[in-house]
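Structure data follow from query09.pdb (PDB, C-alpha atoms and all ligand atoms):
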```
ATOM      1  CA  MET Z   1       0.000   0.000   0.000
ATOM      2  CA  ARG Z   2       0.949   3.640  -0.310
ATOM      3  CA  ILE Z   3       0.661   5.490   2.997
ATOM      4  CA  LEU Z   4       0.899   9.183   3.918
ATOM      5  CA  LEU Z   5       2.118   9.502   7.500
ATOM      6  CA  ALA Z   6       1.647  12.954   8.995
ATOM      7  CA  GLY Z   7       3.848  13.625  12.028
ATOM      8  CA  HIS Z   8       6.544  11.115  11.056
ATOM      9  CA  ARG Z   9       9.189  13.077  12.994
ATOM     10  CA  GLY Z  10       7.250  12.923  16.276
ATOM     11  CA  GLN Z  11       7.453  10.274  18.989
ATOM     12  CA  LEU Z  12       4.808   7.976  17.515
ATOM     13  CA  GLY Z  13       5.718   8.803  13.921
ATOM     14  CA  ARG Z  14       9.316   7.702  14.451
ATOM     15  CA  ALA Z  15       8.085   4.321  15.735
ATOM     16  CA  LEU Z  16       5.483   3.904  12.974
ATOM     17  CA  MET Z  17       7.671   4.872  10.016
ATOM     18  CA  PRO Z  18      10.111   1.895  10.045
ATOM     19  CA  LEU Z  19       7.344  -0.594  10.860
ATOM     20  CA  LEU Z  20       5.142   0.564   8.001
ATOM     21  CA  MET Z  21       8.106   0.687   5.622
ATOM     22  CA  GLU Z  22       8.653  -3.065   6.102
ATOM     23  CA  ALA Z  23       5.604  -3.694   3.903
ATOM     24  CA  HIS Z  24       4.487  -0.381   2.398
ATOM     25  CA  ASP Z  25       5.563   2.745   0.540
ATOM     26  CA  VAL Z  26       5.431   5.534   3.096
ATOM     27  CA  ARG Z  27       5.656   9.284   2.481
ATOM     28  CA  GLY Z  28       6.213  11.322   5.644
ATOM     29  CA  VAL Z  29       4.542  14.709   6.211
ATOM     30  CA  ASP Z  30       5.944  16.960   8.942
ATOM     31  CA  LEU Z  31       7.208  20.432   9.685
ATOM     32  CA  PRO Z  32       9.189  22.231   8.402
ATOM     33  CA  ASP Z  33       8.727  20.660   4.937
ATOM     34  CA  ASP Z  34       4.983  20.061   5.013
ATOM     35  CA  ASP Z  35       2.315  21.815   7.061
ATOM     36  CA  ILE Z  36      -1.017  20.069   7.644
ATOM     37  CA  THR Z  37      -2.696  23.464   8.139
ATOM     38  CA  ASP Z  38      -2.090  24.212   4.430
ATOM     39  CA  ARG Z  39      -5.239  22.768   2.875
ATOM     40  CA  SER Z  40      -4.301  23.054  -0.776
ATOM     41  CA  ALA Z  41      -0.807  21.646  -0.159
ATOM     42  CA  MET Z  42      -2.315  18.598   1.583
ATOM     43  CA  LEU Z  43      -4.795  18.072  -1.239
ATOM     44  CA  ASP Z  44      -2.073  18.409  -3.898
ATOM     45  CA  LEU Z  45       0.201  16.003  -2.006
ATOM     46  CA  ALA Z  46      -2.573  13.419  -1.647
ATOM     47  CA  ARG Z  47      -3.324  13.670  -5.377
ATOM     48  CA  VAL Z  48       0.345  13.131  -6.272
ATOM     49  CA  VAL Z  49       0.971  10.247  -3.835
ATOM     50  CA  ALA Z  50      -2.503   8.672  -4.239
ATOM     51  CA  PRO Z  51      -2.280   6.939  -0.836
ATOM     52  CA  HIS Z  52      -4.457   4.018   0.202
ATOM     53  CA  VAL Z  53      -4.191   5.219   3.817
ATOM     54  CA  ILE Z  54      -3.523   8.583   5.462
ATOM     55  CA  ILE Z  55      -2.392   8.465   9.095
ATOM     56  CA  ASN Z  56      -2.523  11.678  11.119
ATOM     57  CA  SER Z  57      -0.077  11.555  14.019
ATOM     58  CA  ALA Z  58       0.843  15.234  13.572
ATOM     59  CA  ALA Z  59      -0.433  17.510  16.294
ATOM     60  CA  MET Z  60       0.307  20.453  18.522
ATOM     61  CA  THR Z  61       1.010  18.350  21.617
ATOM     62  CA  ASP Z  62       2.332  21.105  23.890
ATOM     63  CA  VAL Z  63      -0.755  21.217  26.115
ATOM     64  CA  ASP Z  64       0.380  24.371  27.932
ATOM     65  CA  GLY Z  65       1.064  26.023  24.563
ATOM     66  CA  CYS Z  66      -2.468  25.042  23.499
ATOM     67  CA  ALA Z  67      -3.853  26.711  26.665
ATOM     68  CA  ARG Z  68      -1.933  29.892  25.839
ATOM     69  CA  ASP Z  69      -3.018  29.922  22.192
ATOM     70  CA  PRO Z  70      -6.279  27.961  21.748
ATOM     71  CA  ALA Z  71      -6.805  29.378  18.244
ATOM     72  CA  LEU Z  72      -3.492  27.917  17.054
ATOM     73  CA  ALA Z  73      -4.324  24.602  18.761
ATOM     74  CA  TYR Z  74      -7.640  24.513  16.883
ATOM     75  CA  ARG Z  75      -5.929  25.421  13.618
ATOM     76  CA  VAL Z  76      -3.430  22.549  13.894
ATOM     77  CA  ASN Z  77      -5.376  19.827  15.726
ATOM     78  CA  GLY Z  78      -8.840  20.647  14.424
ATOM     79  CA  MET Z  79      -8.431  22.179  10.979
ATOM     80  CA  GLY Z  80      -5.186  20.343  10.179
ATOM     81  CA  THR Z  81      -7.143  17.127  10.699
ATOM     82  CA  GLN Z  82      -9.989  18.528   8.595
ATOM     83  CA  ASN Z  83      -7.516  19.123   5.744
ATOM     84  CA  LEU Z  84      -6.176  15.574   5.886
ATOM     85  CA  ALA Z  85      -9.696  14.137   6.164
ATOM     86  CA  LEU Z  86     -10.787  16.140   3.104
ATOM     87  CA  ALA Z  87      -7.689  14.922   1.250
ATOM     88  CA  SER Z  88      -8.589  11.329   2.224
ATOM     89  CA  ALA Z  89     -12.120  11.816   0.924
ATOM     90  CA  ASP Z  90     -10.765  13.260  -2.315
ATOM     91  CA  VAL Z  91      -8.442  10.341  -3.096
ATOM     92  CA  GLY Z  92     -10.583   7.601  -1.482
ATOM     93  CA  ALA Z  93      -8.027   6.749   1.233
ATOM     94  CA  GLU Z  94      -8.714   5.199   4.622
ATOM     95  CA  PHE Z  95      -7.933   7.609   7.461
ATOM     96  CA  VAL Z  96      -6.362   7.067  10.863
ATOM     97  CA  GLN Z  97      -6.690   9.900  13.378
ATOM     98  CA  ILE Z  98      -4.570   9.677  16.523
ATOM     99  CA  SER Z  99      -6.468  11.195  19.426
ATOM    100  CA  THR Z 100      -6.231  11.488  23.169
ATOM    101  CA  ASN Z 101      -7.732  10.762  26.579
ATOM    102  CA  GLU Z 102      -7.911  14.537  26.984
ATOM    103  CA  VAL Z 103     -11.229  14.529  25.074
ATOM    104  CA  PHE Z 104     -12.642  13.297  28.419
ATOM    105  CA  ASP Z 105     -13.209  15.420  31.521
ATOM    106  CA  GLY Z 106     -11.288  13.194  33.942
ATOM    107  CA  ALA Z 107     -14.156  13.026  36.451
ATOM    108  CA  ALA Z 108     -14.663   9.272  36.003
ATOM    109  CA  THR Z 109     -13.915   6.619  38.595
ATOM    110  CA  GLU Z 110     -13.039   3.844  36.172
ATOM    111  CA  PRO Z 111     -11.115   3.850  32.854
ATOM    112  CA  TYR Z 112     -12.945   5.459  29.923
ATOM    113  CA  HIS Z 113     -14.420   3.094  27.350
ATOM    114  CA  GLU Z 114     -14.616   3.923  23.654
ATOM    115  CA  TRP Z 115     -18.262   4.944  24.002
ATOM    116  CA  ALA Z 116     -17.820   7.361  26.933
ATOM    117  CA  VAL Z 117     -19.185  10.877  26.476
ATOM    118  CA  ARG Z 118     -16.551  13.383  25.427
ATOM    119  CA  ALA Z 119     -16.299  16.606  27.450
ATOM    120  CA  PRO Z 120     -12.814  18.144  27.246
ATOM    121  CA  ILE Z 121     -11.764  20.556  29.973
ATOM    122  CA  ASN Z 122      -8.813  22.261  28.282
ATOM    123  CA  ALA Z 123      -7.844  23.831  24.950
ATOM    124  CA  TYR Z 124      -5.772  20.859  23.803
ATOM    125  CA  GLY Z 125      -8.672  18.466  24.480
ATOM    126  CA  ARG Z 126     -11.152  20.740  22.692
ATOM    127  CA  SER Z 127      -8.873  20.992  19.646
ATOM    128  CA  LYS Z 128      -8.408  17.201  19.542
ATOM    129  CA  LEU Z 129     -12.175  16.724  19.885
ATOM    130  CA  ALA Z 130     -12.533  18.944  16.808
ATOM    131  CA  GLY Z 131     -10.143  16.560  15.013
ATOM    132  CA  GLU Z 132     -12.366  13.619  15.974
ATOM    133  CA  TRP Z 133     -15.470  15.523  14.867
ATOM    134  CA  TYR Z 134     -14.028  16.295  11.410
ATOM    135  CA  THR Z 135     -12.904  12.693  11.025
ATOM    136  CA  GLU Z 136     -16.256  11.127  11.840
ATOM    137  CA  ASN Z 137     -18.332  13.688   9.952
ATOM    138  CA  LEU Z 138     -16.311  13.906   6.748
ATOM    139  CA  LEU Z 139     -15.433  10.233   6.272
ATOM    140  CA  ASN Z 140     -16.839   6.706   6.425
ATOM    141  CA  ARG Z 141     -13.649   4.637   6.399
ATOM    142  CA  PHE Z 142     -11.754   5.893   9.432
ATOM    143  CA  TYR Z 143     -10.121   4.748  12.641
ATOM    144  CA  ILE Z 144      -9.967   7.110  15.597
ATOM    145  CA  VAL Z 145      -7.225   5.802  17.896
ATOM    146  CA  ARG Z 146      -7.178   7.392  21.352
ATOM    147  CA  THR Z 147      -4.131   6.919  23.510
ATOM    148  CA  THR Z 148      -2.560   8.448  26.631
ATOM    149  CA  TRP Z 149       0.749   9.488  28.207
ATOM    150  CA  LEU Z 150       2.912   8.530  25.229
ATOM    151  CA  TYR Z 151       6.621   8.007  25.668
ATOM    152  CA  ALA Z 152       9.455   6.920  23.397
ATOM    153  CA  ALA Z 153      13.142   6.337  23.922
ATOM    154  CA  GLY Z 154      14.572   9.667  22.799
ATOM    155  CA  GLY Z 155      11.401  11.792  22.906
ATOM    156  CA  ARG Z 156      10.507  14.723  25.135
ATOM    157  CA  ASN Z 157       8.381  12.963  27.688
ATOM    158  CA  PHE Z 158       7.675  12.244  31.338
ATOM    159  CA  PRO Z 159       9.964   9.179  31.755
ATOM    160  CA  HIS Z 160      13.014  10.962  30.339
ATOM    161  CA  ARG Z 161      12.308  13.981  32.546
ATOM    162  CA  ILE Z 162      11.988  11.793  35.655
ATOM    163  CA  ILE Z 163      15.311  10.035  35.069
ATOM    164  CA  GLU Z 164      17.070  13.319  34.217
ATOM    165  CA  LEU Z 165      15.726  15.046  37.340
ATOM    166  CA  ALA Z 166      16.571  12.034  39.505
ATOM    167  CA  ASP Z 167      20.172  12.180  38.266
ATOM    168  CA  GLN Z 168      20.438  15.973  38.566
ATOM    169  CA  ARG Z 169      18.640  16.557  41.881
ATOM    170  CA  GLY Z 170      18.750  13.233  43.709
ATOM    171  CA  ALA Z 171      15.157  13.691  44.943
ATOM    172  CA  LEU Z 172      11.784  14.170  43.249
ATOM    173  CA  ARG Z 173       8.329  15.596  43.933
ATOM    174  CA  VAL Z 174       5.695  14.046  41.680
ATOM    175  CA  VAL Z 175       1.950  14.569  41.304
ATOM    176  CA  GLU Z 176      -0.126  11.803  42.838
ATOM    177  CA  ASP Z 177      -3.648  12.870  41.865
ATOM    178  CA  GLU Z 178      -3.287  12.562  38.084
ATOM    179  CA  VAL Z 179      -4.029   9.067  36.776
ATOM    180  CA  GLY Z 180      -3.618   7.668  33.259
ATOM    181  CA  SER Z 181      -2.354   4.773  31.159
ATOM    182  CA  PRO Z 182       1.334   5.225  30.236
ATOM    183  CA  THR Z 183       1.805   3.964  26.676
ATOM    184  CA  TYR Z 184       5.071   3.055  24.967
ATOM    185  CA  VAL Z 185       5.043   4.180  21.334
ATOM    186  CA  ASP Z 186       6.632   0.952  20.042
ATOM    187  CA  ASP Z 187       3.660  -1.031  21.411
ATOM    188  CA  LEU Z 188       1.182   1.508  20.070
ATOM    189  CA  ALA Z 189       2.779   1.451  16.607
ATOM    190  CA  ASP Z 190       2.542  -2.380  16.508
ATOM    191  CA  ALA Z 191      -1.123  -2.220  17.475
ATOM    192  CA  ILE Z 192      -1.919   0.427  14.840
ATOM    193  CA  VAL Z 193      -0.311  -1.720  12.126
ATOM    194  CA  LYS Z 194      -2.469  -4.679  13.254
ATOM    195  CA  LEU Z 195      -5.584  -2.521  13.349
ATOM    196  CA  LEU Z 196      -4.951  -1.353   9.778
ATOM    197  CA  GLU Z 197      -5.185  -4.973   8.630
ATOM    198  CA  THR Z 198      -8.720  -5.362  10.032
ATOM    199  CA  HIS Z 199     -10.598  -2.674   8.045
ATOM    200  CA  ALA Z 200     -12.885  -2.641  11.100
ATOM    201  CA  TYR Z 201     -13.394   1.111  11.074
ATOM    202  CA  GLY Z 202     -14.348   2.856  14.297
ATOM    203  CA  ILE Z 203     -13.116   4.220  17.597
ATOM    204  CA  TYR Z 204     -10.331   2.455  19.503
ATOM    205  CA  HIS Z 205      -8.480   2.910  22.770
ATOM    206  CA  LEU Z 206      -4.925   1.648  22.315
ATOM    207  CA  VAL Z 207      -2.965   1.879  25.564
ATOM    208  CA  ASN Z 208      -0.653  -0.339  27.552
ATOM    209  CA  GLU Z 209      -2.848  -2.307  29.969
ATOM    210  CA  GLY Z 210      -3.409  -0.917  33.444
ATOM    211  CA  THR Z 211      -3.582   2.449  35.146
ATOM    212  CA  THR Z 212      -1.271   4.427  37.377
ATOM    213  CA  SER Z 213      -0.649   7.843  38.900
ATOM    214  CA  ARG Z 214       2.278  10.034  37.842
ATOM    215  CA  TYR Z 215       3.785   9.318  41.276
ATOM    216  CA  GLU Z 216       3.608   5.507  40.899
ATOM    217  CA  PHE Z 217       4.838   5.774  37.302
ATOM    218  CA  ALA Z 218       7.906   7.670  38.531
ATOM    219  CA  LYS Z 219       8.563   5.075  41.248
ATOM    220  CA  VAL Z 220       8.395   2.221  38.723
ATOM    221  CA  LEU Z 221      10.742   4.076  36.347
ATOM    222  CA  LEU Z 222      13.246   4.544  39.153
ATOM    223  CA  ARG Z 223      12.928   0.919  40.288
ATOM    224  CA  HIS Z 224      13.416  -0.559  36.805
ATOM    225  CA  SER Z 225      16.379   1.718  36.117
ATOM    226  CA  GLY Z 226      18.187   0.861  39.387
ATOM    227  CA  ARG Z 227      17.517   4.272  40.974
ATOM    228  CA  GLU Z 228      15.104   3.095  43.692
ATOM    229  CA  SER Z 229      17.186   4.888  46.327
ATOM    230  CA  VAL Z 230      16.066   8.280  44.932
ATOM    231  CA  PRO Z 231      13.336   9.552  47.293
ATOM    232  CA  VAL Z 232      10.027  10.575  45.706
ATOM    233  CA  THR Z 233       7.533  12.782  47.551
ATOM    234  CA  PRO Z 234       3.921  12.599  46.359
ATOM    235  CA  ILE Z 235       2.376  16.045  45.841
ATOM    236  CA  SER Z 236      -1.042  17.290  44.790
ATOM    237  CA  SER Z 237      -1.506  18.833  41.338
ATOM    238  CA  SER Z 238      -2.519  22.072  43.093
ATOM    239  CA  GLU Z 239       1.129  22.334  44.238
ATOM    240  CA  PHE Z 240       2.387  21.993  40.653
ATOM    241  CA  ASP Z 241       1.944  25.146  38.609
ATOM    242  CA  ARG Z 242       0.718  24.433  35.048
ATOM    243  CA  THR Z 243      -0.978  26.525  32.403
ATOM    244  CA  SER Z 244      -3.186  23.668  31.197
ATOM    245  CA  THR Z 245      -5.393  21.618  33.517
ATOM    246  CA  PRO Z 246      -5.117  17.908  32.716
ATOM    247  CA  PRO Z 247      -8.133  15.637  33.253
ATOM    248  CA  PRO Z 248      -7.335  14.235  36.722
ATOM    249  CA  TYR Z 249      -8.462  10.654  36.135
ATOM    250  CA  ALA Z 250      -8.334   9.657  32.464
ATOM    251  CA  PRO Z 251      -6.972   6.162  31.858
ATOM    252  CA  LEU Z 252      -8.457   4.418  28.835
ATOM    253  CA  ALA Z 253      -9.940   0.916  28.618
ATOM    254  CA  ASN Z 254      -9.239  -1.054  25.457
ATOM    255  CA  THR Z 255     -12.503  -2.851  24.699
ATOM    256  CA  ALA Z 256     -12.990  -2.536  20.920
ATOM    257  CA  ALA Z 257      -9.483  -3.505  19.783
ATOM    258  CA  ALA Z 258      -9.318  -6.297  22.383
ATOM    259  CA  ALA Z 259     -12.428  -7.770  20.739
ATOM    260  CA  LEU Z 260     -10.341  -7.983  17.530
ATOM    261  CA  GLY Z 261      -7.472  -9.651  19.427
ATOM    262  CA  ILE Z 262      -5.357  -6.481  19.640
ATOM    263  CA  ARG Z 263      -4.003  -5.753  23.111
ATOM    264  CA  LEU Z 264      -0.907  -3.965  24.381
ATOM    265  CA  ARG Z 265       1.206  -5.488  27.147
ATOM    266  CA  PRO Z 266       0.898  -4.287  30.769
ATOM    267  CA  TRP Z 267       2.406  -0.832  31.251
ATOM    268  CA  GLU Z 268       5.050  -1.975  33.746
ATOM    269  CA  ASP Z 269       6.461  -4.471  31.211
ATOM    270  CA  ALA Z 270       6.640  -1.697  28.641
ATOM    271  CA  VAL Z 271       8.507   0.536  31.101
ATOM    272  CA  ALA Z 272      11.146  -2.174  31.478
ATOM    273  CA  ALA Z 273      11.558  -2.307  27.671
ATOM    274  CA  PHE Z 274      11.842   1.485  27.542
ATOM    275  CA  ILE Z 275      14.531   1.537  30.248
ATOM    276  CA  ASP Z 276      16.606  -0.907  28.203
ATOM    277  CA  ALA Z 277      16.029   0.913  24.901
ATOM    278  CA  ALA Z 278      16.987   4.254  26.470
ATOM    279  CA  GLY Z 279      20.093   2.744  28.102
ATOM    280  CA  TYR Z 280      18.980   3.828  31.589
ATOM    281  CA  ARG Z 281      19.398   0.511  33.410
ATOM    282  CA  ARG Z 282      22.138   0.581  36.063
TER     283      ARG Z 282
HETATM  284  N1  LIG O   1       2.346  12.724  23.683
HETATM  285  C1  LIG O   1       1.338  12.228  24.401
HETATM  286  O1  LIG O   1       1.439  11.990  25.605
HETATM  287  C2  LIG O   1       0.035  11.929  23.720
HETATM  288  C3  LIG O   1      -1.025  11.406  24.489
HETATM  289  C4  LIG O   1      -2.244  11.116  23.861
HETATM  290  C5  LIG O   1      -2.383  11.340  22.495
HETATM  291  N2  LIG O   1      -1.350  11.861  21.786
HETATM  292  C6  LIG O   1      -1.542  12.080  20.352
HETATM  293  O2  LIG O   1      -0.693  11.175  19.675
HETATM  294  C7  LIG O   1      -0.209  11.752  18.458
HETATM  295  C8  LIG O   1       1.292  11.643  18.404
HETATM  296  O3  LIG O   1       1.851  12.271  19.547
HETATM  297  P1  LIG O   1       3.431  12.417  19.718
HETATM  298  O4  LIG O   1       3.724  12.320  21.168
HETATM  299  O5  LIG O   1       4.119  11.557  18.715
HETATM  300  O6  LIG O   1       3.575  13.957  19.293
HETATM  301  P2  LIG O   1       4.907  14.756  18.897
HETATM  302  O7  LIG O   1       6.117  14.000  19.311
HETATM  303  O8  LIG O   1       4.697  16.151  19.380
HETATM  304  O9  LIG O   1       4.859  14.710  17.303
HETATM  305  C9  LIG O   1       3.941  15.465  16.567
HETATM  306  C10 LIG O   1       4.619  15.831  15.267
HETATM  307  O10 LIG O   1       3.687  16.634  14.509
HETATM  308  C11 LIG O   1       4.419  17.739  13.991
HETATM  309  N3  LIG O   1       3.540  18.859  13.677
HETATM  310  C12 LIG O   1       3.039  19.788  14.523
HETATM  311  N4  LIG O   1       2.311  20.686  13.836
HETATM  312  C13 LIG O   1       2.359  20.298  12.544
HETATM  313  C14 LIG O   1       1.847  20.869  11.342
HETATM  314  N5  LIG O   1       1.116  21.993  11.345
HETATM  315  N6  LIG O   1       2.093  20.235  10.161
HETATM  316  C15 LIG O   1       2.844  19.087  10.138
HETATM  317  N7  LIG O   1       3.374  18.529  11.241
HETATM  318  C16 LIG O   1       3.137  19.144  12.426
HETATM  319  C17 LIG O   1       5.399  18.077  15.094
HETATM  320  O11 LIG O   1       6.421  18.919  14.626
HETATM  321  P3  LIG O   1       7.115  19.955  15.677
HETATM  322  O12 LIG O   1       7.758  19.103  16.732
HETATM  323  O13 LIG O   1       8.078  20.709  14.816
HETATM  324  O14 LIG O   1       6.003  20.804  16.236
HETATM  325  C18 LIG O   1       5.893  16.681  15.469
HETATM  326  O15 LIG O   1       6.929  16.238  14.614
HETATM  327  C19 LIG O   1      -0.774  13.183  18.444
HETATM  328  O16 LIG O   1      -1.961  13.191  17.693
HETATM  329  C20 LIG O   1      -1.118  13.456  19.887
HETATM  330  O17 LIG O   1      -2.180  14.404  19.995
HETATM  331  C21 LIG O   1      -0.148  12.147  22.363
END
```
Would you mind writing the structure in this file as structure tokens?
Amino acid sequence: MRILLAGHRGQLGRALMPLLMEAHDVRGVDLPDDDITDRSAMLDLARVVAPHVIINSAAMTDVDGCARDPALAYRVNGMGTQNLALASADVGAEFVQISTNEVFDGAATEPYHEWAVRAPINAYGRSKLAGEWYTENLLNRFYIVRTTWLYAAGGRNFPHRIIELADQRGALRVVEDEVGSPTYVDDLADAIVKLLETHAYGIYHLVNEGTTSRYEFAKVLLRHSGRESVPVTPISSSEFDRTSTPPPYAPLANTAAAALGIRLRPWEDAVAAFIDAAGYRR
């Protein structure tokens, strides 16, 4: 197949690109060369490449930046997705939209299923909800893949920050009242490739199994990397100054993909793989 992969230089894109290239022709789309907010450029590109599938992993993922500039967040995450969805419709391609747990309000008491009601509480979540809306209203053959707390060896992400701070400061303070499903991009990329083979279009939650708080996540990272002696103090999110408000409890439950036989391993196993890949094990 021919595939257009938007966001191929991002965390998930870098994991997806080599996997997809094992069996497909893949054309990457990312800044600074290609901008998904340029509608005519996306349409022209789709007409030249004539992809069978367009995957949109490009996004403005700086949630605090989205809070500071909601219009830009909407332009990239909402209208950028609209442009790629329109390009998919034009060339008859399947479409994969990568979305987020931040479309939910975080007031739940158990992990969100695929059918939960969306009610974002911040600018990033509202812009990603717009991306979902364009996908489901402009297309028939689409997958919306929601995921949470992504991390990759080499990306800018929570696990790298925790290990760096542990090494620099020797002690950590980590938020205890924010809960999610940490998800390793290598596992997510594998699952997306499997999902593409099903043609079972719809909404999916692809996350490593299980839930945890930021605090517990940090403790597990330190334990697996041989830094368990670094003390970690649990703090409340009210003590941690942020521009964007994350949904406090927003792990995702994989029900729909599991019914197709697609599951990601437990999150603690994935952390161990990450520690090895990043060379952090002592
Ligand atoms: N990271 C998470 O924890 C998380 C959690 C849930 C869902 N997601 C979703 O998962 C997907 C992948 O996330 P990720 O962590 O791989 O993100 P990432 O590392 O920030 O990668 C996103 C890529 O998109 C590019 N991009 C931004 N604006 C663009 C534009 N206008 N045109 C073309 N490319 C553009 C970025 O370039 P620049 O770096 O130059 O801006 C970057 O290379 C996103 O849809 C995100 O919303 C992420």
Expand the PyMOL selection byres (((chain Z and resi 58) around 8) and not hetatm) into the individual residues it matches in the shown file, reporting them as a PDB file with C-alpha atoms, keeping the file's coordinate frame.
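Writing the result to part.pdb gives the following:
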```
ATOM      1  CA  ALA Z   6       1.647  12.954   8.995  1.00  0.00           C
ATOM      2  CA  GLY Z   7       3.848  13.625  12.028  1.00  0.00           C
ATOM      3  CA  HIS Z   8       6.544  11.115  11.056  1.00  0.00           C
ATOM      4  CA  GLY Z  10       7.250  12.923  16.276  1.00  0.00           C
ATOM      5  CA  ASP Z  30       5.944  16.960   8.942  1.00  0.00           C
ATOM      6  CA  ILE Z  36      -1.017  20.069   7.644  1.00  0.00           C
ATOM      7  CA  ASN Z  56      -2.523  11.678  11.119  1.00  0.00           C
ATOM      8  CA  SER Z  57      -0.077  11.555  14.019  1.00  0.00           C
ATOM      9  CA  ALA Z  59      -0.433  17.510  16.294  1.00  0.00           C
ATOM     10  CA  MET Z  60       0.307  20.453  18.522  1.00  0.00           C
TER      11      MET Z  60
END
```
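Picture a line from CA of Val230 in chain Z to CA of Ala171 in chain Z; it runs 5.5 Å.
Separating CA of Asp34 in chain Z from CA of Pro159 in chain Z is a distance of 29.3 Å.
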Going by the chain IDs and residue numbers used in this file, which residues fall under the PyMOL selection byres (((chain Z and resi 213) around 12) and not hetatm)? Write them as a JSON list (two decimals) with C-alpha atoms, keeping the file's coordinate frame.
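That gives us expr-v2.json:
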```json
[["chain", "number", "residue", "atom", "x", "y", "z"],
["Z", 149, "TRP", "CA", 0.75, 9.49, 28.21],
["Z", 174, "VAL", "CA", 5.70, 14.05, 41.68],
["Z", 175, "VAL", "CA", 1.95, 14.57, 41.30],
["Z", 176, "GLU", "CA", -0.13, 11.80, 42.84],
["Z", 177, "ASP", "CA", -3.65, 12.87, 41.86],
["Z", 178, "GLU", "CA", -3.29, 12.56, 38.08],
["Z", 179, "VAL", "CA", -4.03, 9.07, 36.78],
["Z", 180, "GLY", "CA", -3.62, 7.67, 33.26],
["Z", 181, "SER", "CA", -2.35, 4.77, 31.16],
["Z", 182, "PRO", "CA", 1.33, 5.22, 30.24],
["Z", 210, "GLY", "CA", -3.41, -0.92, 33.44],
["Z", 211, "THR", "CA", -3.58, 2.45, 35.15],
["Z", 212, "THR", "CA", -1.27, 4.43, 37.38],
["Z", 214, "ARG", "CA", 2.28, 10.03, 37.84],
["Z", 215, "TYR", "CA", 3.78, 9.32, 41.28],
["Z", 216, "GLU", "CA", 3.61, 5.51, 40.90],
["Z", 217, "PHE", "CA", 4.84, 5.77, 37.30],
["Z", 218, "ALA", "CA", 7.91, 7.67, 38.53],
["Z", 219, "LYS", "CA", 8.56, 5.08, 41.25],
["Z", 220, "VAL", "CA", 8.40, 2.22, 38.72],
["Z", 234, "PRO", "CA", 3.92, 12.60, 46.36],
["Z", 235, "ILE", "CA", 2.38, 16.05, 45.84],
["Z", 236, "SER", "CA", -1.04, 17.29, 44.79],
["Z", 237, "SER", "CA", -1.51, 18.83, 41.34],
["Z", 248, "PRO", "CA", -7.34, 14.24, 36.72],
["Z", 249, "TYR", "CA", -8.46, 10.65, 36.14],
["Z", 250, "ALA", "CA", -8.33, 9.66, 32.46],
["Z", 251, "PRO", "CA", -6.97, 6.16, 31.86],
["Z", 267, "TRP", "CA", 2.41, -0.83, 31.25]]
```
**Report entry** Residues within 9 Å of ligand LIG 1 (chain O), counting all atoms listed in the file, as an MDAnalysis selection string
**Finding:** chainID Z and resid 6:15 29:38 56:62 75:77 80 97:102 124:125 128 145:152 155:158 182:183 185
Requested in this report: Specify as an MDAnalysis selection string each residue included when the PyMOL selection byres (((chain Z and resi 39) around 10) and not hetatm) is applied to this file.
Outcome: chainID Z and resid 35:38 40:45 79:84 86:87
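From CA of Phe240 in chain Z back to CA of Gly154 in chain Z, the distance works out to 24.9 Å.
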From the block I gave, I'd like range 244-268 of chain Z written with C-alpha atoms, as a JSON list (two decimals), in the first residue's frame.
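What follows is the written file result28.json:
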```
[["chain", "number", "residue", "atom", "x", "y", "z"],
["Z", 244, "SER", "CA", -3.19, 23.67, 31.20],
["Z", 245, "THR", "CA", -5.39, 21.62, 33.52],
["Z", 246, "PRO", "CA", -5.12, 17.91, 32.72],
["Z", 247, "PRO", "CA", -8.13, 15.64, 33.25],
["Z", 248, "PRO", "CA", -7.33, 14.24, 36.72],
["Z", 249, "TYR", "CA", -8.46, 10.65, 36.13],
["Z", 250, "ALA", "CA", -8.33, 9.66, 32.46],
["Z", 251, "PRO", "CA", -6.97, 6.16, 31.86],
["Z", 252, "LEU", "CA", -8.46, 4.42, 28.84],
["Z", 253, "ALA", "CA", -9.94, 0.92, 28.62],
["Z", 254, "ASN", "CA", -9.24, -1.05, 25.46],
["Z", 255, "THR", "CA", -12.50, -2.85, 24.70],
["Z", 256, "ALA", "CA", -12.99, -2.54, 20.92],
["Z", 257, "ALA", "CA", -9.48, -3.51, 19.78],
["Z", 258, "ALA", "CA", -9.32, -6.30, 22.38],
["Z", 259, "ALA", "CA", -12.43, -7.77, 20.74],
["Z", 260, "LEU", "CA", -10.34, -7.98, 17.53],
["Z", 261, "GLY", "CA", -7.47, -9.65, 19.43],
["Z", 262, "ILE", "CA", -5.36, -6.48, 19.64],
["Z", 263, "ARG", "CA", -4.00, -5.75, 23.11],
["Z", 264, "LEU", "CA", -0.91, -3.97, 24.38],
["Z", 265, "ARG", "CA", 1.21, -5.49, 27.15],
["Z", 266, "PRO", "CA", 0.90, -4.29, 30.77],
["Z", 267, "TRP", "CA", 2.41, -0.83, 31.25],
["Z", 268, "GLU", "CA", 5.05, -1.98, 33.75]]
```
